[in-house]
file my_file.txt (compact mmCIF, C-alpha atoms and all ligand atoms)
# COMPACT_ATOMS: atom_id res chain seq x y z
CA MET L 1 37.63 25.70 52.15
CA GLY L 2 34.57 27.34 53.63
CA SER L 3 33.09 30.44 52.10
CA LEU L 4 31.01 33.38 53.22
CA ASP L 5 28.92 33.03 50.06
CA LEU L 6 25.28 32.06 50.62
CA THR L 7 24.09 31.71 47.04
CA GLY L 8 21.15 29.34 46.81
CA ARG L 9 20.43 29.27 50.57
CA VAL L 10 17.08 30.18 52.07
CA ALA L 11 17.40 32.19 55.30
CA LEU L 12 14.62 33.01 57.78
CA VAL L 13 15.49 36.01 59.97
CA THR L 14 13.12 36.86 62.82
CA GLY L 15 12.85 40.48 63.95
CA ALA L 16 14.16 41.50 60.53
CA THR L 17 12.00 44.62 60.28
CA SER L 18 14.41 46.58 62.48
CA GLY L 19 17.90 46.95 63.91
CA ILE L 20 20.21 43.94 64.02
CA GLY L 21 17.69 41.75 62.19
CA ALA L 22 17.27 44.21 59.29
CA ALA L 23 21.05 44.57 58.96
CA THR L 24 21.41 40.78 59.00
CA ALA L 25 18.71 40.34 56.35
CA ALA L 26 20.51 42.87 54.13
CA LEU L 27 23.90 41.19 54.54
CA LEU L 28 22.65 37.62 54.01
CA ALA L 29 20.86 38.78 50.84
CA GLN L 30 24.00 40.59 49.66
CA ARG L 31 25.86 37.28 50.03
CA GLY L 32 23.29 35.53 47.84
CA ALA L 33 20.64 34.12 50.19
CA HIS L 34 16.90 34.32 49.58
CA VAL L 35 15.92 36.07 52.81
CA LEU L 36 12.56 35.70 54.53
CA VAL L 37 12.08 38.86 56.57
CA ALA L 38 9.87 38.12 59.60
CA GLY L 39 8.23 40.65 61.91
CA ARG L 40 4.84 42.12 62.76
CA ASP L 41 5.07 45.53 61.12
CA SER L 42 4.33 45.05 57.42
CA SER L 43 5.32 48.57 56.36
CA ARG L 44 8.78 48.22 57.96
CA GLY L 45 9.03 44.66 56.60
CA GLU L 46 8.12 45.67 53.07
CA SER L 47 10.66 48.50 53.12
CA VAL L 48 13.44 46.07 54.21
CA VAL L 49 12.37 43.77 51.37
CA ALA L 50 12.23 46.64 48.83
CA ALA L 51 15.74 47.80 49.79
CA ILE L 52 17.10 44.25 49.31
CA ARG L 53 15.34 43.83 45.98
CA GLY L 54 16.52 47.31 44.92
CA ARG L 55 20.10 46.06 45.30
CA GLY L 56 19.30 42.97 43.21
CA GLY L 57 18.77 40.61 46.14
CA LYS L 58 15.97 38.16 46.87
CA ALA L 59 13.62 38.69 49.83
CA ASP L 60 10.03 38.26 51.00
CA PHE L 61 8.22 39.58 54.05
CA VAL L 62 6.37 37.18 56.35
CA ALA L 63 4.17 38.69 59.06
CA ALA L 64 4.03 36.88 62.38
CA ASP L 65 3.58 37.73 66.04
CA LEU L 66 5.97 35.35 67.78
CA ARG L 67 4.41 35.55 71.25
CA GLU L 68 1.99 32.75 70.32
CA ALA L 69 3.31 29.24 69.68
CA GLN L 70 0.69 28.66 67.00
CA SER L 71 1.79 31.72 65.08
CA VAL L 72 5.45 30.65 65.42
CA ARG L 73 4.63 27.27 63.91
CA GLN L 74 2.64 28.98 61.15
CA LEU L 75 5.66 31.20 60.37
CA ALA L 76 7.84 28.09 60.00
CA ARG L 77 5.36 26.53 57.57
CA ARG L 78 5.05 29.72 55.50
CA ALA L 79 8.82 30.09 55.41
CA VAL L 80 9.20 26.56 54.05
CA ASP L 81 6.55 27.31 51.39
CA LEU L 82 8.25 30.57 50.35
CA GLY L 83 11.62 28.80 50.36
CA SER L 84 10.29 26.22 47.85
CA GLY L 85 10.32 23.47 50.44
CA ARG L 86 13.19 24.36 52.71
CA VAL L 87 14.87 26.77 55.10
CA ASP L 88 18.68 26.39 55.26
CA ILE L 89 19.49 29.17 57.73
CA LEU L 90 17.48 30.27 60.75
CA VAL L 91 18.43 33.45 62.62
CA ASN L 92 16.57 33.72 65.93
CA ASN L 93 16.94 37.46 66.42
CA ALA L 94 13.51 38.84 67.45
CA GLY L 95 13.62 39.85 71.07
CA ILE L 96 12.57 42.40 73.65
CA TYR L 97 14.72 43.78 76.42
CA PRO L 98 12.75 45.50 79.18
CA PHE L 99 14.99 46.57 82.08
CA GLY L 100 14.04 47.37 85.65
CA PRO L 101 13.81 46.16 89.22
CA THR L 102 12.62 42.58 89.61
CA GLU L 103 9.79 43.63 91.92
CA LYS L 104 8.40 45.97 89.25
CA ALA L 105 8.05 43.28 86.55
CA ALA L 106 4.42 42.24 86.06
CA GLU L 107 3.57 38.57 85.64
CA GLY L 108 2.53 39.32 82.06
CA GLU L 109 5.89 40.90 81.31
CA VAL L 110 7.73 37.80 82.53
CA ASP L 111 5.54 35.66 80.28
CA THR L 112 6.01 37.94 77.26
CA VAL L 113 9.80 38.11 77.55
CA TYR L 114 10.06 34.35 77.83
CA ALA L 115 7.49 33.77 75.06
CA LEU L 116 9.38 35.90 72.54
CA ASN L 117 13.00 35.43 73.63
CA VAL L 118 12.95 31.73 74.57
CA LYS L 119 9.81 29.91 73.46
CA ALA L 120 9.71 31.33 69.90
CA PRO L 121 13.27 30.17 69.09
CA PHE L 122 12.47 26.83 70.75
CA HIS L 123 9.41 26.23 68.57
CA LEU L 124 11.12 27.47 65.39
CA VAL L 125 14.00 25.08 65.93
CA ALA L 126 11.54 22.28 66.67
CA GLU L 127 9.79 23.03 63.37
CA LEU L 128 12.82 23.61 61.13
CA ALA L 129 15.86 21.73 62.48
CA PRO L 130 14.57 18.17 61.84
CA ALA L 131 14.25 18.83 58.09
CA MET L 132 17.73 20.42 58.05
CA ALA L 133 19.04 17.32 59.83
CA GLU L 134 17.32 15.07 57.30
CA ARG L 135 19.05 16.98 54.47
CA GLY L 136 22.33 16.79 56.41
CA SER L 137 22.97 20.55 56.45
CA GLY L 138 21.75 23.75 58.01
CA ALA L 139 22.81 26.63 60.22
CA ILE L 140 21.01 28.21 63.15
CA VAL L 141 22.23 31.42 64.77
CA ASN L 142 20.69 32.73 67.99
CA VAL L 143 21.13 36.32 69.12
CA SER L 144 22.12 36.78 72.75
CA THR L 145 23.44 39.61 74.88
CA VAL L 146 26.37 40.39 77.18
CA VAL L 147 23.99 40.50 80.16
CA ALA L 148 23.46 36.74 79.72
CA ALA L 149 27.10 36.32 80.80
CA TYR L 150 27.15 38.21 84.09
CA GLY L 151 24.71 39.49 86.70
CA ALA L 152 23.54 43.05 86.08
CA ALA L 153 21.09 44.89 88.32
CA GLY L 154 17.83 45.55 86.51
CA MET L 155 18.47 42.94 83.84
CA ALA L 156 17.45 39.75 85.65
CA LEU L 157 14.47 39.00 83.43
CA TYR L 158 16.08 39.85 80.08
CA GLY L 159 19.51 38.41 80.94
CA SER L 160 18.03 35.14 82.19
CA SER L 161 15.96 34.73 79.02
CA LYS L 162 19.10 35.06 76.88
CA ALA L 163 21.10 32.80 79.23
CA ALA L 164 18.46 30.19 78.41
CA VAL L 165 19.04 30.86 74.71
CA GLU L 166 22.80 30.36 75.15
CA LEU L 167 22.26 26.98 76.84
CA LEU L 168 19.74 26.01 74.16
CA THR L 169 22.42 26.86 71.58
CA LYS L 170 24.77 24.29 73.12
CA ALA L 171 22.04 21.69 73.67
CA TRP L 172 20.87 22.01 70.04
CA ALA L 173 24.48 21.77 68.82
CA ALA L 174 24.68 18.45 70.67
CA GLU L 175 21.29 17.32 69.37
CA TYR L 176 21.46 18.34 65.70
CA GLY L 177 25.20 18.82 65.06
CA PRO L 178 25.90 15.13 64.44
CA ARG L 179 23.37 15.34 61.58
CA GLY L 180 25.00 18.36 59.89
CA VAL L 181 23.17 21.25 61.52
CA ARG L 182 25.45 23.83 63.12
CA VAL L 183 23.90 25.82 65.97
CA ASN L 184 25.70 28.88 67.34
CA ALA L 185 24.97 32.21 69.00
CA VAL L 186 26.23 35.77 68.79
CA ARG L 187 26.51 37.53 72.13
CA SER L 188 25.90 41.15 71.21
CA GLY L 189 27.03 44.19 73.14
CA PRO L 190 25.06 47.46 73.26
CA THR L 191 24.03 48.34 69.72
CA ARG L 192 22.39 51.38 68.14
CA THR L 193 19.03 50.19 66.76
CA GLU L 194 15.46 51.46 66.52
CA GLY L 195 14.82 49.50 69.72
CA THR L 196 17.54 51.32 71.66
CA ALA L 197 16.73 54.77 70.24
CA GLY L 198 16.39 57.16 73.16
CA MET L 199 18.64 54.97 75.33
CA ASP L 200 21.88 56.78 74.41
CA GLU L 201 22.96 57.26 78.03
CA GLU L 202 22.39 53.60 78.95
CA LEU L 203 24.20 52.43 75.79
CA ALA L 204 27.13 54.76 76.46
CA ALA L 205 27.39 53.62 80.10
CA LEU L 206 27.40 49.95 79.07
CA ALA L 207 29.83 50.61 76.22
CA ALA L 208 32.24 52.48 78.48
CA GLN L 209 32.93 49.20 80.35
CA ALA L 210 34.29 47.52 77.19
CA PRO L 211 37.64 47.88 75.40
CA ALA L 212 35.94 49.20 72.25
CA GLY L 213 34.43 52.00 74.36
CA ARG L 214 31.49 52.62 72.03
CA PRO L 215 28.18 50.99 71.08
CA ALA L 216 28.07 48.80 67.97
CA GLU L 217 26.33 49.56 64.71
CA PRO L 218 23.84 46.81 63.75
CA GLU L 219 25.94 45.96 60.67
CA GLU L 220 28.83 44.93 62.97
CA ILE L 221 26.64 42.36 64.73
CA ALA L 222 25.24 41.21 61.37
CA GLU L 223 28.81 40.38 60.21
CA ALA L 224 29.23 37.95 63.12
CA ILE L 225 25.82 36.37 62.46
CA ALA L 226 26.50 36.00 58.72
CA TYR L 227 29.87 34.38 59.43
CA LEU L 228 28.30 31.75 61.71
CA ALA L 229 25.56 31.13 59.14
CA SER L 230 28.12 30.47 56.38
CA ASP L 231 30.41 27.60 55.40
CA ALA L 232 33.33 29.72 56.62
CA ALA L 233 32.24 28.54 60.09
CA SER L 234 32.04 24.89 58.99
CA PHE L 235 33.86 23.59 62.11
CA VAL L 236 32.10 25.91 64.58
CA HIS L 237 29.36 24.19 66.60
CA GLY L 238 27.73 25.32 69.85
CA ALA L 239 29.81 28.49 70.10
CA VAL L 240 28.69 31.71 71.73
CA LEU L 241 30.65 34.34 69.80
CA PRO L 242 31.00 37.65 71.62
CA ALA L 243 30.48 40.65 69.34
CA ASP L 244 30.56 42.92 72.33
CA GLY L 245 33.52 45.27 71.93
CA GLY L 246 35.38 43.03 74.38
CA ARG L 247 32.99 43.55 77.31
CA THR L 248 32.93 39.93 78.45
CA ALA L 249 36.71 39.58 78.09
CA VAL L 250 37.56 42.10 80.80
P1 LIG L 301 14.71 46.19 67.75
O1 LIG L 301 15.33 47.26 66.92
O2 LIG L 301 13.88 46.56 68.93
O3 LIG L 301 13.89 45.21 66.82
C1 LIG L 301 13.22 44.12 67.40
C2 LIG L 301 12.70 43.23 66.30
O4 LIG L 301 11.94 42.18 66.92
C3 LIG L 301 11.80 43.98 65.36
O5 LIG L 301 12.06 43.53 64.04
C4 LIG L 301 10.42 43.57 65.82
O6 LIG L 301 9.57 43.52 64.68
C5 LIG L 301 10.64 42.15 66.34
N1 LIG L 301 9.62 41.82 67.33
C6 LIG L 301 9.38 42.45 68.51
N2 LIG L 301 8.31 41.90 69.10
C7 LIG L 301 7.86 40.90 68.29
C8 LIG L 301 6.79 39.96 68.33
N3 LIG L 301 5.94 39.94 69.37
N4 LIG L 301 6.64 39.10 67.32
C9 LIG L 301 7.49 39.11 66.26
N5 LIG L 301 8.52 39.97 66.14
C10 LIG L 301 8.70 40.85 67.15
O7 LIG L 301 15.81 45.15 68.29
P2 LIG L 301 17.41 45.12 68.24
O8 LIG L 301 17.91 46.16 69.17
O9 LIG L 301 17.86 45.08 66.84
O10 LIG L 301 17.67 43.71 68.93
C11 LIG L 301 17.59 42.51 68.18
C12 LIG L 301 18.05 41.35 69.05
O11 LIG L 301 19.36 41.62 69.55
C13 LIG L 301 17.18 41.09 70.28
O12 LIG L 301 17.07 39.71 70.50
C14 LIG L 301 17.95 41.74 71.40
O13 LIG L 301 17.68 41.16 72.65
C15 LIG L 301 19.38 41.49 70.95
N6 LIG L 301 20.35 42.44 71.49
C16 LIG L 301 20.22 43.77 71.24
C17 LIG L 301 21.14 44.67 71.78
C18 LIG L 301 21.06 46.15 71.55
O14 LIG L 301 21.76 46.91 72.26
N7 LIG L 301 20.27 46.62 70.58
C19 LIG L 301 22.20 44.17 72.57
C20 LIG L 301 22.29 42.79 72.79
C21 LIG L 301 21.36 41.94 72.24
P3 LIG L 301 8.08 44.10 64.61
O15 LIG L 301 8.03 45.32 65.47
O16 LIG L 301 7.87 44.33 63.16
O17 LIG L 301 7.27 42.99 65.13
call {"tool": "encode", "arguments": {"input": "my_file.txt", "output": "structure tokens"}}
result
Amino acid sequence: MGSLDLTGRVALVTGATSGIGAATAALLAQRGAHVLVAGRDSSRGESVVAAIRGRGGKADFVAADLREAQSVRQLARRAVDLGSGRVDILVNNAGIYPFGPTEKAAEGEVDTVYALNVKAPFHLVAELAPAMAERGSGAIVNVSTVVAAYGAAGMALYGSSKAAVELLTKAWAAEYGPRGVRVNAVRSGPTRTEGTAGMDEELAALAAQAPAGRPAEPEEIAEAIAYLASDAASFVHGAVLPADGGRTAV
């Protein structure tokens, strides 16, 4: 039967210097993976790595700005080098979530949101999934949001970028699944992270619409990601798993 254990796997987690990504890096390492912690901020990255190593886990920091395709491709190559030739698990977590009226979004903001939230996962999968498919195994987990599932005023740009990620999840499951690569997504609800610090009112208002009635802790989203990344999810392909306190069920 499948197991949550990840001993011997190499996992690349983007946006792992903070929030959901940092919690995911910690959990994957606790379950035995060698975790490659990607982000721009080296001091935050090194402290995530030091905490993992301090608990006896294996981790390395890889700096990369994912707004540029070239730097995304470079991250993939460095990850393969650090992973002694392979990456078994890819978690596409790095993302930005600016909210506001459509008419206030600058052209550059539209480009940046799509570059980080959509194009970076696209290029990372293009770089890493073919080798997983050649080996006949691998797991990719994309991080989405409840506002990809329904229309919310002020969230057109962000929600549409993650709706693209959810469709990519299914398309990649169709493309790579037959060769042993499982591709899934976690649809997160409002979560307390460094990125949402100072947004307590917005988080509470969003959370109030869900059965759980509270925002998530990043560790709760990490549990869903780690499950999909593991053999415990061996028959799960192309799923978008809500970890949203029930928001999209009601
Ligand atoms: P966060 O605390 O703001 O952290 C964002 C991460 O992305 C950081 O590690 C940051 O690292 C990285 N990042 C940002 N810009 C980058 C760039 N240009 N290049 C490379 N890395 C970059 O985020 P979070 O709240 O944990 O959210 C993580 C994911 O969950 C996002 O995809 C978000 O859309 C999704 N999500 C979050 C919530 C929520 O309520 N928090 C809800 C639903 C979905 P550096 O600063 O080191 O570059």
call {"tool": "closest_atom_pairs", "arguments": {"input": "my_file.txt", "of": "chain L", "to": "ligand LIG 301 (chain L)", "cutoff": "6 Å", "atoms": "all atoms listed in the file", "output": "JSON lines"}}
result
{"residue": "L:Gly15", "atom": "CA", "partner": "L:LIG301", "partner_atom": "O5", "distance": 3.2}
{"residue": "L:Ala16", "atom": "CA", "partner": "L:LIG301", "partner_atom": "O5", "distance": 4.6}
{"residue": "L:Thr17", "atom": "CA", "partner": "L:LIG301", "partner_atom": "O5", "distance": 3.9}
{"residue": "L:Ser18", "atom": "CA", "partner": "L:LIG301", "partner_atom": "O5", "distance": 4.2}
{"residue": "L:Gly19", "atom": "CA", "partner": "L:LIG301", "partner_atom": "O9", "distance": 3.5}
{"residue": "L:Ile20", "atom": "CA", "partner": "L:LIG301", "partner_atom": "O9", "distance": 3.8}
{"residue": "L:Gly21", "atom": "CA", "partner": "L:LIG301", "partner_atom": "O9", "distance": 5.7}
{"residue": "L:Gly39", "atom": "CA", "partner": "L:LIG301", "partner_atom": "O16", "distance": 3.9}
{"residue": "L:Arg40", "atom": "CA", "partner": "L:LIG301", "partner_atom": "O17", "distance": 3.5}
{"residue": "L:Asp41", "atom": "CA", "partner": "L:LIG301", "partner_atom": "O16", "distance": 3.7}
{"residue": "L:Ala64", "atom": "CA", "partner": "L:LIG301", "partner_atom": "C9", "distance": 5.7}
{"residue": "L:Asp65", "atom": "CA", "partner": "L:LIG301", "partner_atom": "N4", "distance": 3.6}
{"residue": "L:Leu66", "atom": "CA", "partner": "L:LIG301", "partner_atom": "N4", "distance": 3.8}
{"residue": "L:Arg67", "atom": "CA", "partner": "L:LIG301", "partner_atom": "N3", "distance": 5.0}
{"residue": "L:Asn93", "atom": "CA", "partner": "L:LIG301", "partner_atom": "O12", "distance": 4.7}
{"residue": "L:Ala94", "atom": "CA", "partner": "L:LIG301", "partner_atom": "O4", "distance": 3.7}
{"residue": "L:Gly95", "atom": "CA", "partner": "L:LIG301", "partner_atom": "O12", "distance": 3.5}
{"residue": "L:Ile96", "atom": "CA", "partner": "L:LIG301", "partner_atom": "O13", "distance": 5.4}
{"residue": "L:Tyr97", "atom": "CA", "partner": "L:LIG301", "partner_atom": "O13", "distance": 5.5}
{"residue": "L:Val143", "atom": "CA", "partner": "L:LIG301", "partner_atom": "O12", "distance": 5.5}
{"residue": "L:Ser144", "atom": "CA", "partner": "L:LIG301", "partner_atom": "C21", "distance": 5.2}
{"residue": "L:Thr145", "atom": "CA", "partner": "L:LIG301", "partner_atom": "C20", "distance": 4.0}
{"residue": "L:Ser188", "atom": "CA", "partner": "L:LIG301", "partner_atom": "C20", "distance": 4.3}
{"residue": "L:Gly189", "atom": "CA", "partner": "L:LIG301", "partner_atom": "C19", "distance": 4.9}
{"residue": "L:Pro190", "atom": "CA", "partner": "L:LIG301", "partner_atom": "O14", "distance": 3.5}
{"residue": "L:Thr191", "atom": "CA", "partner": "L:LIG301", "partner_atom": "O14", "distance": 3.7}
{"residue": "L:Arg192", "atom": "CA", "partner": "L:LIG301", "partner_atom": "N7", "distance": 5.8}
{"residue": "L:Thr193", "atom": "CA", "partner": "L:LIG301", "partner_atom": "O1", "distance": 4.7}
{"residue": "L:Glu194", "atom": "CA", "partner": "L:LIG301", "partner_atom": "O1", "distance": 4.2}
{"residue": "L:Gly195", "atom": "CA", "partner": "L:LIG301", "partner_atom": "O2", "distance": 3.2}
{"residue": "L:Thr196", "atom": "CA", "partner": "L:LIG301", "partner_atom": "N7", "distance": 5.5}
call {"tool": "residues_around", "arguments": {"input": "my_file.txt", "residues": "Leu82 in chain L", "least_positions_apart": "6", "cutoff": "12 Å", "atoms": "only C-alpha atoms", "output": "list in words"}}
result
Val10, Ala11, Leu12, His34, Val35, Leu36, Val37, Lys58, Ala59, Asp60, Phe61, Val62, Leu75 and Ala76 of chain L
call {"tool": "residues_near_point", "arguments": {"input": "my_file.txt", "point": "(21.0, 33.9, 70.0)", "cutoff": "12 Å", "atoms": "only C-alpha atoms", "output": "VMD selection string"}}
result
chain L and resid 13 to 14 20 to 21 90 to 95 117 to 118 120 to 122 125 140 to 146 148 159 161 to 170 172 183 to 188 221 224 to 225 228 238 to 243
call {"tool": "closest_residue", "arguments": {"input": "my_file.txt", "among": "L:Ser160, L:Ser47, L:Ser137, L:Gln209", "to": "Gly177 in chain L", "atoms": "all atoms listed in the file"}}
result
L:Ser137
call {"tool": "closest_residue", "arguments": {"input": "my_file.txt", "among": "L:Ile89, L:Ala22, L:Leu27, L:Leu128", "to": "Arg77 in chain L", "atoms": "only C-alpha atoms"}}
result
L:Leu128
call {"tool": "closest_residue", "arguments": {"input": "my_file.txt", "among": "L:Ser84, L:Ala173, L:Arg247, L:Ala232", "to": "Pro215 in chain L", "atoms": "all atoms listed in the file"}}
result
L:Arg247
call {"tool": "atom_distance", "arguments": {"input": "my_file.txt", "atom1": "CA of Gly246 in chain L", "atom2": "CA of Gly198 in chain L"}}
result
23.7 Å
call {"tool": "atom_distance", "arguments": {"input": "my_file.txt", "atom1": "CA of Leu203 in chain L", "atom2": "CA of Tyr227 in chain L"}}
result
25.0 Å
call {"tool": "atom_distance", "arguments": {"input": "my_file.txt", "atom1": "CA of Glu219 in chain L", "atom2": "CA of Leu28 in chain L"}}
result
11.2 Å
call {"tool": "closest_residue", "arguments": {"input": "my_file.txt", "among": "L:Glu134, L:Glu220, L:Glu107, L:Asp88", "to": "Tyr176 in chain L", "atoms": "all atoms listed in the file"}}
result
L:Glu134
call {"tool": "closest_residue", "arguments": {"input": "my_file.txt", "among": "L:Ala212, L:Ala233, L:Val48, L:Val72", "to": "Ala23 in chain L", "atoms": "all atoms listed in the file"}}
result
L:Val48
call {"tool": "closest_residue", "arguments": {"input": "my_file.txt", "among": "L:Gly180, L:Gly154, L:Pro98, L:Pro218", "to": "Val236 in chain L", "atoms": "all atoms listed in the file"}}
result
L:Gly180
